>>> print(open('upload-v2.txt').read())   # compact mmCIF, C-alpha atoms
# COMPACT_ATOMS: atom_id res chain seq x y z
CA CYS A 487 108.32 96.00 131.15
CA ALA A 488 107.54 99.69 131.59
CA ARG A 489 105.80 101.61 128.80
CA SER A 490 104.73 105.23 128.76
CA VAL A 491 102.85 107.81 126.73
CA GLY A 492 102.66 111.40 127.89
CA VAL A 493 102.10 111.11 131.63
CA THR A 494 100.32 107.74 131.46
CA VAL A 495 102.66 104.93 132.46
CA SER A 496 102.36 101.15 132.31
CA LEU A 497 104.38 99.08 134.79
CA CYS A 498 104.20 95.42 135.66
CA SER A 499 104.76 93.43 138.85
CA TRP A 500 104.69 89.72 139.59
CA ASN A 501 101.87 88.06 141.49
CA SER A 502 103.37 85.29 143.60
CA SER A 503 100.12 84.19 145.25
CA SER A 504 100.08 81.05 143.14
CA PRO A 505 102.53 78.37 144.37
CA LYS A 506 102.89 76.99 140.85
CA ALA A 507 103.85 79.99 138.78
CA LEU A 508 104.38 83.71 138.78
CA SER A 509 102.02 85.76 136.62
CA PRO A 510 102.58 89.41 135.64
CA GLU A 511 100.13 92.10 136.65
CA TYR A 512 100.20 95.34 134.68
CA HIS A 513 99.44 98.69 136.30
CA VAL A 514 98.41 101.62 134.10
CA THR A 515 98.77 104.86 136.05
CA LYS A 516 98.13 108.50 135.19
CA LEU A 517 100.24 111.14 136.93
CA ASP A 518 99.59 114.89 137.12
CA THR A 519 102.30 117.53 136.68
CA ASP A 520 103.13 117.34 140.41
CA GLY A 521 103.80 113.61 140.16
CA LYS A 522 100.63 112.69 142.02
CA THR A 523 98.63 109.66 140.96
CA ARG A 524 95.35 110.59 139.29
CA TRP A 525 94.20 107.02 138.76
CA GLN A 526 95.40 103.47 138.29
CA GLN A 527 93.90 100.47 136.52
CA ASP A 528 95.27 96.93 136.51
CA PHE A 529 95.33 94.45 133.65
CA SER A 530 96.54 90.90 133.17
CA ARG A 531 98.35 91.95 129.99
CA VAL A 532 99.53 95.19 128.33
CA ASP A 533 101.65 94.99 125.17
CA GLN A 534 101.28 98.54 123.87
CA LEU A 535 99.86 101.78 125.27
CA ILE A 536 98.89 104.98 123.42
CA SER A 537 96.99 108.16 124.24
CA ASP A 538 93.36 108.38 123.14
CA GLY A 539 93.84 112.11 122.56
CA ASN A 540 91.24 112.95 125.20
CA GLY A 541 93.17 112.42 128.44
CA GLY A 542 92.72 108.65 128.48
CA ALA A 543 94.59 105.70 127.03
CA ILE A 544 94.13 102.79 124.64
CA ILE A 545 95.77 99.49 125.54
CA GLY A 546 96.59 96.74 123.08
CA TYR A 547 97.46 93.12 123.83
CA THR A 548 97.45 89.68 122.27
CA ASP A 549 95.84 86.58 123.71
CA ALA A 550 97.70 83.59 125.10
CA ASP A 551 98.55 82.13 121.69
CA GLY A 552 99.77 85.51 120.45
CA LEU A 553 97.63 85.30 117.32
CA THR A 554 94.67 87.56 118.10
CA LEU A 555 94.88 91.25 118.98
CA TYR A 556 92.53 93.01 121.39
CA LEU A 557 92.11 96.58 122.60
CA ASN A 558 90.83 98.14 125.82
CA SER A 559 90.36 101.79 126.66
CA ILE A 560 90.45 103.95 129.78
CA ASP A 561 88.73 107.35 129.76
CA ALA A 562 90.20 110.56 131.17
CA ASN A 563 88.71 109.82 134.61
CA GLY A 564 90.31 106.40 134.81
CA ASN A 565 87.21 104.35 134.02
CA LYS A 566 87.64 101.19 132.00
CA THR A 567 85.33 101.09 129.01
CA ASN A 568 84.11 97.95 127.33
CA PRO A 569 86.72 96.06 125.30
CA ILE A 570 86.89 97.51 121.79
CA GLY A 571 87.88 95.77 118.61
CA ASN A 572 87.15 92.29 119.95
CA LYS A 573 89.21 90.72 117.19
CA ILE A 574 91.54 93.01 115.29
CA ALA A 575 93.75 90.37 113.69
CA PRO A 576 94.21 88.12 111.79
CA GLY A 577 92.45 90.31 109.29
CA VAL A 578 91.62 89.62 105.67
CA SER A 579 92.99 86.08 105.63
CA ASN A 580 91.79 83.03 107.50
CA ASN A 581 95.10 81.17 107.44
CA GLY A 582 97.53 83.79 108.70
CA ASN A 583 99.65 83.96 111.81
CA LEU A 584 100.11 87.32 113.53
CA GLN A 585 103.85 88.12 113.55
CA GLU A 586 104.11 91.72 114.80
CA TRP A 587 101.87 94.75 115.18
CA GLN A 588 101.86 98.45 115.99
CA MET A 589 99.15 100.99 116.81
CA VAL A 590 98.86 104.78 116.83
CA SER A 591 96.18 107.30 117.74
CA ASP A 592 93.77 108.42 115.00
CA ASN A 593 93.50 111.80 116.80
CA ALA A 594 89.77 111.24 117.23
CA GLY A 595 89.63 109.00 120.30
CA GLY A 596 90.35 105.79 118.38
CA ALA A 597 93.35 103.98 116.98
CA ILE A 598 94.91 102.73 113.75
CA ILE A 599 96.48 99.29 114.00
CA ALA A 600 98.85 97.68 111.48
CA TRP A 601 100.13 94.11 111.63
CA VAL A 602 102.10 91.49 109.72
CA GLU A 603 100.60 88.10 108.92
CA SER A 604 102.70 85.18 107.81
CA GLN A 605 100.47 83.25 105.38
CA TYR A 606 100.70 79.98 103.52
CA PRO A 607 98.94 79.37 100.20
CA THR A 608 95.48 77.82 100.60
CA GLY A 609 95.75 74.14 101.43
CA LYS A 610 99.46 74.33 102.18
CA GLN A 611 101.13 73.83 105.54
CA PRO A 612 104.54 74.78 106.92
CA GLY A 613 107.19 72.73 105.13
CA GLU A 614 105.04 72.31 102.01
CA SER A 615 105.36 75.89 100.79
CA GLN A 616 107.13 79.08 101.76
CA ALA A 617 105.13 81.53 103.82
CA VAL A 618 104.57 85.06 102.57
CA ASP A 619 104.47 88.02 104.96
CA ARG A 620 101.60 90.43 104.30
CA ILE A 621 100.67 93.70 106.01
CA TYR A 622 97.13 94.69 106.99
CA ALA A 623 95.61 97.65 108.83
CA GLN A 624 92.43 98.50 110.72
CA ARG A 625 90.94 101.61 112.28
CA VAL A 626 88.89 101.46 115.47
CA ASP A 627 86.79 104.50 116.40
CA VAL A 628 86.03 105.82 119.88
CA THR A 629 82.97 103.56 120.17
CA GLY A 630 84.96 100.42 119.35
CA SER A 631 83.60 100.02 115.81
CA LEU A 632 85.89 98.53 113.15
CA LEU A 633 85.89 100.99 110.25
CA TRP A 634 88.01 99.47 107.49
CA GLY A 635 87.40 96.52 105.20
CA ASP A 636 84.42 94.33 104.46
CA ASN A 637 82.84 93.13 107.71
CA GLY A 638 85.57 94.88 109.66
CA ASN A 639 88.29 92.59 108.32
CA GLY A 640 90.76 95.41 107.73
CA ILE A 641 92.54 96.43 104.54
CA SER A 642 95.52 94.99 102.70
CA VAL A 643 98.50 97.36 102.81
CA TYR A 644 101.29 95.25 101.30
CA ASN A 645 101.18 91.95 99.42
CA PRO A 646 104.77 91.08 98.46
CA PRO A 647 105.90 88.43 96.00
CA GLU A 648 107.07 85.01 97.15
CA GLY A 649 110.59 84.98 98.49
CA SER A 650 110.03 88.16 100.52
CA TRP A 651 110.16 88.70 104.27
CA VAL A 652 108.74 91.63 106.20
CA GLN A 653 110.09 92.78 109.57
CA SER A 654 110.27 95.78 111.90
CA LEU A 655 106.84 97.24 111.07
CA GLN A 656 106.46 100.80 112.39
CA VAL A 657 103.55 103.25 112.22
CA THR A 658 103.04 106.96 112.97
CA ASP A 659 100.03 109.22 112.60
CA ASP A 660 99.91 111.75 109.75
CA GLY A 661 98.26 114.41 111.91
CA ILE A 662 94.93 114.38 110.05
CA GLY A 663 93.39 111.02 111.01
CA GLY A 664 95.53 108.74 108.86
CA ALA A 665 98.80 106.88 109.29
CA ILE A 666 102.19 106.33 107.66
CA LEU A 667 103.82 102.90 107.85
CA SER A 668 107.37 101.72 107.28
CA TRP A 669 108.87 98.24 107.22
CA PHE A 670 112.02 96.34 106.32
CA ARG A 671 111.78 93.99 103.34
CA SER A 672 114.18 91.29 102.24
CA THR A 673 113.69 89.70 98.81
CA GLU A 674 115.54 86.80 97.22
CA ILE A 675 116.92 87.54 93.74
CA ASN A 676 118.04 84.67 91.52
CA ASN A 677 120.62 86.31 89.26
CA GLU A 678 121.61 83.32 87.15
CA GLY A 679 118.53 81.16 87.24
CA ASN A 680 119.96 78.70 89.77
CA ASN A 681 119.93 78.54 93.54
CA SER A 682 123.69 79.02 93.85
CA GLN A 683 123.32 82.61 92.57
CA ILE A 684 120.52 83.74 94.91
CA THR A 685 121.23 87.06 96.63
CA GLN A 686 119.25 89.20 99.03
CA ASN A 687 117.86 92.64 98.21
CA TRP A 688 117.26 94.67 101.37
CA ASP A 689 115.15 97.79 101.43
CA ILE A 690 112.78 99.88 103.53
CA LEU A 691 109.29 100.60 102.18
CA THR A 692 106.70 103.14 103.28
CA GLN A 693 102.97 103.61 102.77
CA LYS A 694 100.38 106.23 103.69
CA ILE A 695 96.72 105.55 104.54
CA ASP A 696 94.05 108.20 105.02
CA GLY A 697 91.37 108.10 107.70
CA ASN A 698 88.98 106.25 105.39
CA GLY A 699 91.42 103.44 104.70
CA ASN A 700 92.49 104.56 101.23
CA ILE A 701 96.03 103.72 100.12
CA LEU A 702 97.60 107.04 99.05
CA TRP A 703 101.09 106.19 97.82
CA GLN A 704 102.35 103.63 95.31
CA PRO A 705 100.41 100.32 95.51
CA ASP A 706 103.45 98.35 96.73
CA GLY A 707 104.76 101.16 98.92
CA VAL A 708 107.43 103.78 98.31
CA SER A 709 110.96 102.40 98.37
CA LEU A 710 113.70 104.42 100.07
CA LYS A 711 115.94 103.06 97.27
CA ILE A 712 118.70 102.24 99.71
CA SER A 713 120.01 99.08 98.04
CA GLU A 714 119.44 100.60 94.62
CA THR A 715 121.68 103.51 95.56
CA ASN A 716 124.35 101.48 97.35
CA LYS A 717 124.76 97.76 96.66
CA GLN A 718 126.62 97.33 99.96
CA ALA A 719 123.77 98.82 101.97
CA ALA A 720 122.09 96.59 104.52
CA PRO A 721 119.30 98.60 106.20
CA SER A 722 117.35 97.28 109.17
CA ASN A 723 115.27 98.32 112.19
CA PRO A 724 113.54 101.40 110.72
CA VAL A 725 111.86 103.92 113.04
CA LEU A 726 109.73 106.82 111.81
CA ILE A 727 107.95 109.95 112.95
CA SER A 728 105.65 112.48 111.31
CA ASP A 729 107.31 115.55 109.78
CA ASN A 730 104.21 117.54 110.81
CA SER A 731 103.52 118.36 107.14
CA GLY A 732 101.81 115.15 106.02
CA GLY A 733 105.04 113.26 105.42
CA ALA A 734 107.50 111.33 107.58
CA ILE A 735 111.15 111.04 108.57
CA ILE A 736 112.59 107.53 108.77
CA ALA A 737 115.83 106.48 110.45
CA SER A 738 117.47 103.05 110.29
CA ARG A 739 120.72 101.31 111.05
CA ASP A 740 122.84 100.36 108.03
CA SER A 741 126.15 98.51 107.71
CA ARG A 742 127.06 99.92 104.28
CA ASP A 743 130.12 101.67 105.75
CA SER A 744 131.43 98.72 107.74
CA GLY A 745 131.31 94.99 108.32
CA ALA A 746 128.45 92.95 109.66
CA ASN A 747 129.27 93.65 113.31
CA SER A 748 128.89 97.45 113.17
CA ALA A 749 126.63 100.01 111.54
CA SER A 750 125.75 103.69 111.12
CA VAL A 751 122.39 105.46 111.30
CA TYR A 752 120.90 106.91 108.12
CA ALA A 753 117.73 108.98 107.71
CA GLN A 754 115.36 109.95 104.90
CA ARG A 755 112.37 112.27 104.60
CA LEU A 756 109.26 111.73 102.48
CA ASP A 757 106.83 114.57 101.74
CA ALA A 758 103.03 114.31 101.86
CA ASP A 759 102.98 112.78 98.37
CA GLY A 760 105.61 110.14 99.11
CA ASN A 761 108.52 111.84 97.33
CA LEU A 762 112.04 111.35 98.73
CA LYS A 763 113.34 114.76 99.83
CA TRP A 764 116.90 114.08 100.99
CA ASP A 765 120.00 112.64 99.32
CA ALA A 766 119.63 109.33 97.50
CA GLY A 767 120.25 106.57 100.02
CA GLY A 768 119.59 108.93 102.94
CA ILE A 769 121.58 111.24 105.20
CA LYS A 770 124.28 109.77 107.44
CA VAL A 771 123.40 110.68 111.01
CA SER A 772 125.88 108.85 113.25
CA MET A 773 129.41 107.56 113.43
CA THR A 774 129.94 103.85 112.82
CA SER A 775 129.63 101.75 115.97
CA VAL A 776 128.28 98.48 117.29
CA ASN A 777 124.49 98.24 116.97
CA PRO A 778 123.51 101.95 117.10
CA HIS A 779 119.76 101.15 117.48
CA PRO A 780 118.13 104.54 116.64
CA LEU A 781 115.11 106.17 118.31
CA ILE A 782 113.37 109.18 116.73
CA ILE A 783 111.06 112.05 117.65
CA SER A 784 109.84 115.10 115.75
CA GLY A 785 112.00 118.19 116.11
CA ASP A 786 111.37 121.79 115.13
CA LEU A 787 112.05 123.17 111.64
CA GLY A 788 110.29 120.20 110.04
CA GLY A 789 113.08 117.87 111.13
CA ALA A 790 113.76 115.27 113.78
CA ILE A 791 115.96 114.36 116.73
CA ILE A 792 117.54 110.91 116.54
CA VAL A 793 119.05 109.25 119.61
CA TYR A 794 121.37 106.30 119.08
CA SER A 795 123.92 104.21 120.95
CA SER A 796 127.68 103.95 120.48
CA GLN A 797 130.05 101.35 121.92
CA GLU A 798 133.47 102.81 121.26
CA ASP A 799 134.20 103.62 124.92
CA GLY A 800 131.57 101.52 126.63
CA ARG A 801 127.93 102.03 125.78
CA ILE A 802 127.32 105.70 124.99
CA LEU A 803 124.01 107.42 124.22
CA ASN A 804 124.20 110.21 121.62
CA ALA A 805 121.71 112.56 119.95
CA GLN A 806 121.71 114.26 116.55
CA LYS A 807 119.25 116.85 115.23
CA LEU A 808 118.21 117.30 111.59
CA ASP A 809 116.28 120.17 110.05
CA GLY A 810 113.68 119.74 107.32
CA ASN A 811 116.37 119.84 104.64
CA GLY A 812 118.40 117.03 106.17
CA GLN A 813 121.13 119.27 107.58
CA THR A 814 122.70 118.14 110.86
CA LEU A 815 122.39 120.83 113.55
CA PHE A 816 124.48 119.27 116.32
CA PRO A 817 128.25 118.50 116.08
CA GLN A 818 129.31 115.77 113.64
CA ASN A 819 129.28 112.95 116.19
CA GLY A 820 126.22 114.26 118.00
CA ILE A 821 125.70 115.33 121.61
CA THR A 822 126.58 112.75 124.26
CA ILE A 823 123.73 112.21 126.73
CA THR A 824 125.46 109.58 128.88
CA ARG A 825 128.72 107.59 128.88
CA ASP A 826 127.86 105.41 131.86
CA GLY A 827 126.39 102.48 129.96
CA PHE A 828 122.65 102.00 129.76
CA VAL A 829 119.76 99.65 129.10
CA GLY A 830 116.17 100.32 128.08
CA ASP A 831 116.51 103.85 126.72
CA SER A 832 113.38 105.82 125.81
CA ILE A 833 112.84 109.35 124.46
CA VAL A 834 110.04 111.92 124.21
CA SER A 835 109.82 115.45 122.84
CA ASP A 836 110.07 118.32 125.31
CA GLY A 837 107.60 120.27 123.16
CA GLN A 838 110.15 122.99 122.44
CA GLY A 839 112.43 121.42 119.85
CA GLY A 840 114.44 119.39 122.36
CA VAL A 841 114.33 115.87 123.76
CA ILE A 842 113.98 114.18 127.15
CA ALA A 843 115.79 110.84 127.38
CA ALA A 844 115.46 108.20 130.09
CA TRP A 845 117.57 105.10 130.67
CA ALA A 846 118.63 102.59 133.29
CA VAL A 847 122.18 101.64 134.32
CA ASN A 848 121.84 97.97 135.13
CA SER A 849 121.12 97.75 138.88
CA ASN A 850 122.32 101.30 139.60
CA GLY A 851 118.99 103.02 139.04
CA ALA A 852 117.13 104.97 136.37
CA TYR A 853 118.17 108.35 134.97
CA VAL A 854 116.62 111.16 132.93
CA GLN A 855 118.23 114.01 130.98
CA LYS A 856 116.87 116.97 129.01
CA LEU A 857 118.56 118.24 125.88
CA ASN A 858 117.23 121.58 124.63
CA ALA A 859 116.77 122.68 121.03
CA ASP A 860 120.34 124.01 120.92
CA GLY A 861 121.88 120.76 122.20
CA GLN A 862 122.58 121.88 125.76
CA LEU A 863 122.26 119.41 128.65
CA LEU A 864 119.91 121.04 131.16
CA TRP A 865 119.66 118.52 134.00
CA GLY A 866 123.25 118.26 135.15
CA GLN A 867 126.19 116.63 133.42
CA ASN A 868 125.07 113.12 134.35
CA GLY A 869 121.29 113.59 134.36
CA ILE A 870 118.89 113.16 137.26
CA LYS A 871 118.80 109.86 139.11
CA LEU A 872 115.17 108.83 139.62
CA ASN A 873 115.49 105.98 142.12
CA GLN A 874 117.90 103.85 144.11
>>> encode(input="upload-v2.txt", output="structure tokens")
Amino acid sequence: CARSVGVTVSLCSWNSSSPKALSPEYHVTKLDTDGKTRWQQDFSRVDQLISDGNGGAIIGYTDADGLTLYLNSIDANGNKTNPIGNKIAPGVSNNGNLQEWQMVSDNAGGAIIAWVESQYPTGKQPGESQAVDRIYAQRVDVTGSLLWGDNGNGISVYNPPEGSWVQSLQVTDDGIGGAILSWFRSTEINNEGNNSQITQNWDILTQKIDGNGNILWQPDGVSLKISETNKQAAPSNPVLISDNSGGAIIASRDSRDSGANSASVYAQRLDADGNLKWDAGGIKVSMTSVNPHPLIISGDLGGAIIVYSSQEDGRILNAQKLDGNGQTLFPQNGITITRDGFVGDSIVSDGQGGVIAAWAVNSNGAYVQKLNADGQLLWGQNGIKLNQ
């Protein structure tokens, strides 16, 4: 259950002092550039961890029932501050259930949080009516004040029609105090007016919010037009990153080129106004393989680096680089980072147009590898082993 941001790392251990049950204890630690511990704070729960932009960290977690979201912060000296955002979600509604959530720095010491609520019409209960998934957002400033919505209830980002499901919510900052969101949407379409002709329309939507909570793109979000472009497309699991120009680059897995058991990775760029900049339906990034599961970071040249898995010869980790025009810069099938099989891969920018990737190999230890802007492996052919 490790999580990291910059050089602040969250790890968890198990407290076995109770004879009845084991309970996790989370350790949030800041390391300097020599690997020395600057400070450590312990928590009973850490679900997400981001930088506060000032040398500290913001920690998000849900309570025992998983329905209410809380934040805590640690300053640059390792001091815990008072809990902020005592109740972030559920937001606008009073009958919603928190399904998933994401947070990102507002680049001013606070955070922007987005979440999905599964809601039933007023007076209805599960089984009496179909739930509708809605997306809300809230901004919390450095003092812990809730900035968006009446009485700090947050703002409505997406209110889909009945028969729609929302999954895989992702959020990135826009670099100027706002945020860009993406999510997967599935909608039932009744083609012939009877249930036997119901089909699913799958798509990925995006939305941009400024620092004041204003919705900047189309009211229902900007569609990547994936299913509209290719009826066989089945996008899922979107990930996104800022393009450093007010827009975003989104990557997702898609089985349009294969059967249900395999997929490829496709990517699309939106500019600051929400216009699609690359080919209709997106740019194909990877070969077809079993569950490629993309990760993405910003690259140089207004593009991105996308790391994805391949299972043709065991589980392989590959990387592909795109420029701002959607041109692939590495070889067609990408650069192979490891062929040794892996679990729990994670990536971060090296700050120079390259990527640092980390992964574990079951019980054989953890590894790290650096790929520079030209696609060269810098830390040995097999990476550096971090532990035993």
>>> residues_around(input="upload-v2.txt", residues="segment 779-794 of chain A", least_positions_apart="6", cutoff="8 Å", atoms="all atoms listed in the file", output="PyMOL selection string")
chain A and resi 723+725-731+735+737-739+751+772+803-812+832-835+838-841
>>> atom_distance(input="upload-v2.txt", atom1="atom CA of Asp831 of chain A", atom2="atom CA of Ser750 of chain A")
18.1 Å
>>> atom_distance(input="upload-v2.txt", atom1="atom CA of Ser537 of chain A", atom2="atom CA of Tyr512 of chain A")
16.8 Å
>>> atom_distance(input="upload-v2.txt", atom1="atom CA of Gly820 of chain A", atom2="atom CA of Ile802 of chain A")
11.1 Å
>>> residues_around(input="upload-v2.txt", residues="Ser748 of chain A", least_positions_apart="2", cutoff="10 Å", atoms="only C-alpha atoms", output="PyMOL selection string")
chain A and resi 739-746+750+774-778+796-797
>>> residues_around(input="upload-v2.txt", residues="segment 708-722 of chain A", least_positions_apart="2", cutoff="9 Å", atoms="all atoms listed in the file", output="PyMOL selection string")
chain A and resi 653-654+669-671+687-693+703-706+724+738-743+746+752+754+756+760-762+766-768
>>> residues_around(input="upload-v2.txt", residues="segment 851-861 of chain A", least_positions_apart="2", cutoff="9 Å", atoms="all atoms listed in the file", output="PDB file with C-alpha atoms, in the coordinates of the input")
ATOM      1  CA  GLY A 785     112.000 118.190 116.110  1.00  0.00           C
ATOM      2  CA  ASP A 786     111.370 121.790 115.130  1.00  0.00           C
ATOM      3  CA  ALA A 805     121.710 112.560 119.950  1.00  0.00           C
ATOM      4  CA  GLN A 806     121.710 114.260 116.550  1.00  0.00           C
ATOM      5  CA  LYS A 807     119.250 116.850 115.230  1.00  0.00           C
ATOM      6  CA  LEU A 815     122.390 120.830 113.550  1.00  0.00           C
ATOM      7  CA  PHE A 816     124.480 119.270 116.320  1.00  0.00           C
ATOM      8  CA  GLY A 820     126.220 114.260 118.000  1.00  0.00           C
ATOM      9  CA  ILE A 821     125.700 115.330 121.610  1.00  0.00           C
ATOM     10  CA  ILE A 823     123.730 112.210 126.730  1.00  0.00           C
ATOM     11  CA  THR A 824     125.460 109.580 128.880  1.00  0.00           C
ATOM     12  CA  ASP A 836     110.070 118.320 125.310  1.00  0.00           C
ATOM     13  CA  GLN A 838     110.150 122.990 122.440  1.00  0.00           C
ATOM     14  CA  GLY A 839     112.430 121.420 119.850  1.00  0.00           C
ATOM     15  CA  GLY A 840     114.440 119.390 122.360  1.00  0.00           C
ATOM     16  CA  VAL A 841     114.330 115.870 123.760  1.00  0.00           C
ATOM     17  CA  ILE A 842     113.980 114.180 127.150  1.00  0.00           C
ATOM     18  CA  ALA A 843     115.790 110.840 127.380  1.00  0.00           C
ATOM     19  CA  ALA A 844     115.460 108.200 130.090  1.00  0.00           C
ATOM     20  CA  TRP A 845     117.570 105.100 130.670  1.00  0.00           C
ATOM     21  CA  ALA A 846     118.630 102.590 133.290  1.00  0.00           C
ATOM     22  CA  VAL A 847     122.180 101.640 134.320  1.00  0.00           C
ATOM     23  CA  ASN A 848     121.840  97.970 135.130  1.00  0.00           C
ATOM     24  CA  SER A 849     121.120  97.750 138.880  1.00  0.00           C
ATOM     25  CA  LEU A 863     122.260 119.410 128.650  1.00  0.00           C
ATOM     26  CA  LEU A 864     119.910 121.040 131.160  1.00  0.00           C
ATOM     27  CA  TRP A 865     119.660 118.520 134.000  1.00  0.00           C
ATOM     28  CA  GLY A 866     123.250 118.260 135.150  1.00  0.00           C
ATOM     29  CA  GLN A 867     126.190 116.630 133.420  1.00  0.00           C
ATOM     30  CA  ASN A 868     125.070 113.120 134.350  1.00  0.00           C
ATOM     31  CA  GLY A 869     121.290 113.590 134.360  1.00  0.00           C
ATOM     32  CA  ILE A 870     118.890 113.160 137.260  1.00  0.00           C
ATOM     33  CA  LYS A 871     118.800 109.860 139.110  1.00  0.00           C
ATOM     34  CA  LEU A 872     115.170 108.830 139.620  1.00  0.00           C
ATOM     35  CA  ASN A 873     115.490 105.980 142.120  1.00  0.00           C
ATOM     36  CA  GLN A 874     117.900 103.850 144.110  1.00  0.00           C
TER      37      GLN A 874
END
>>> residues_around(input="upload-v2.txt", residues="Trp587 of chain A", least_positions_apart="4", cutoff="7 Å", atoms="all atoms listed in the file", output="VMD selection string")
chain A and resid 600 to 602 655
>>> closest_residue(input="upload-v2.txt", among="A:Val657, A:Leu553, A:Ala753, A:Ile544", to="Val626 of chain A", atoms="only C-alpha atoms")
A:Ile544
>>> closest_residue(input="upload-v2.txt", among="A:Trp651, A:Ile641, A:Arg801, A:Leu535", to="Gln585 of chain A", atoms="only C-alpha atoms")
A:Trp651
>>> axis_aligned_box(input="upload-v2.txt", around="segment 618-629 of chain A", padding_each_side="4 Å", output="JSON")
{"center_x": 93.8, "center_y": 95.4, "center_z": 111.4, "size_x": 29.6, "size_y": 28.8, "size_z": 25.6}
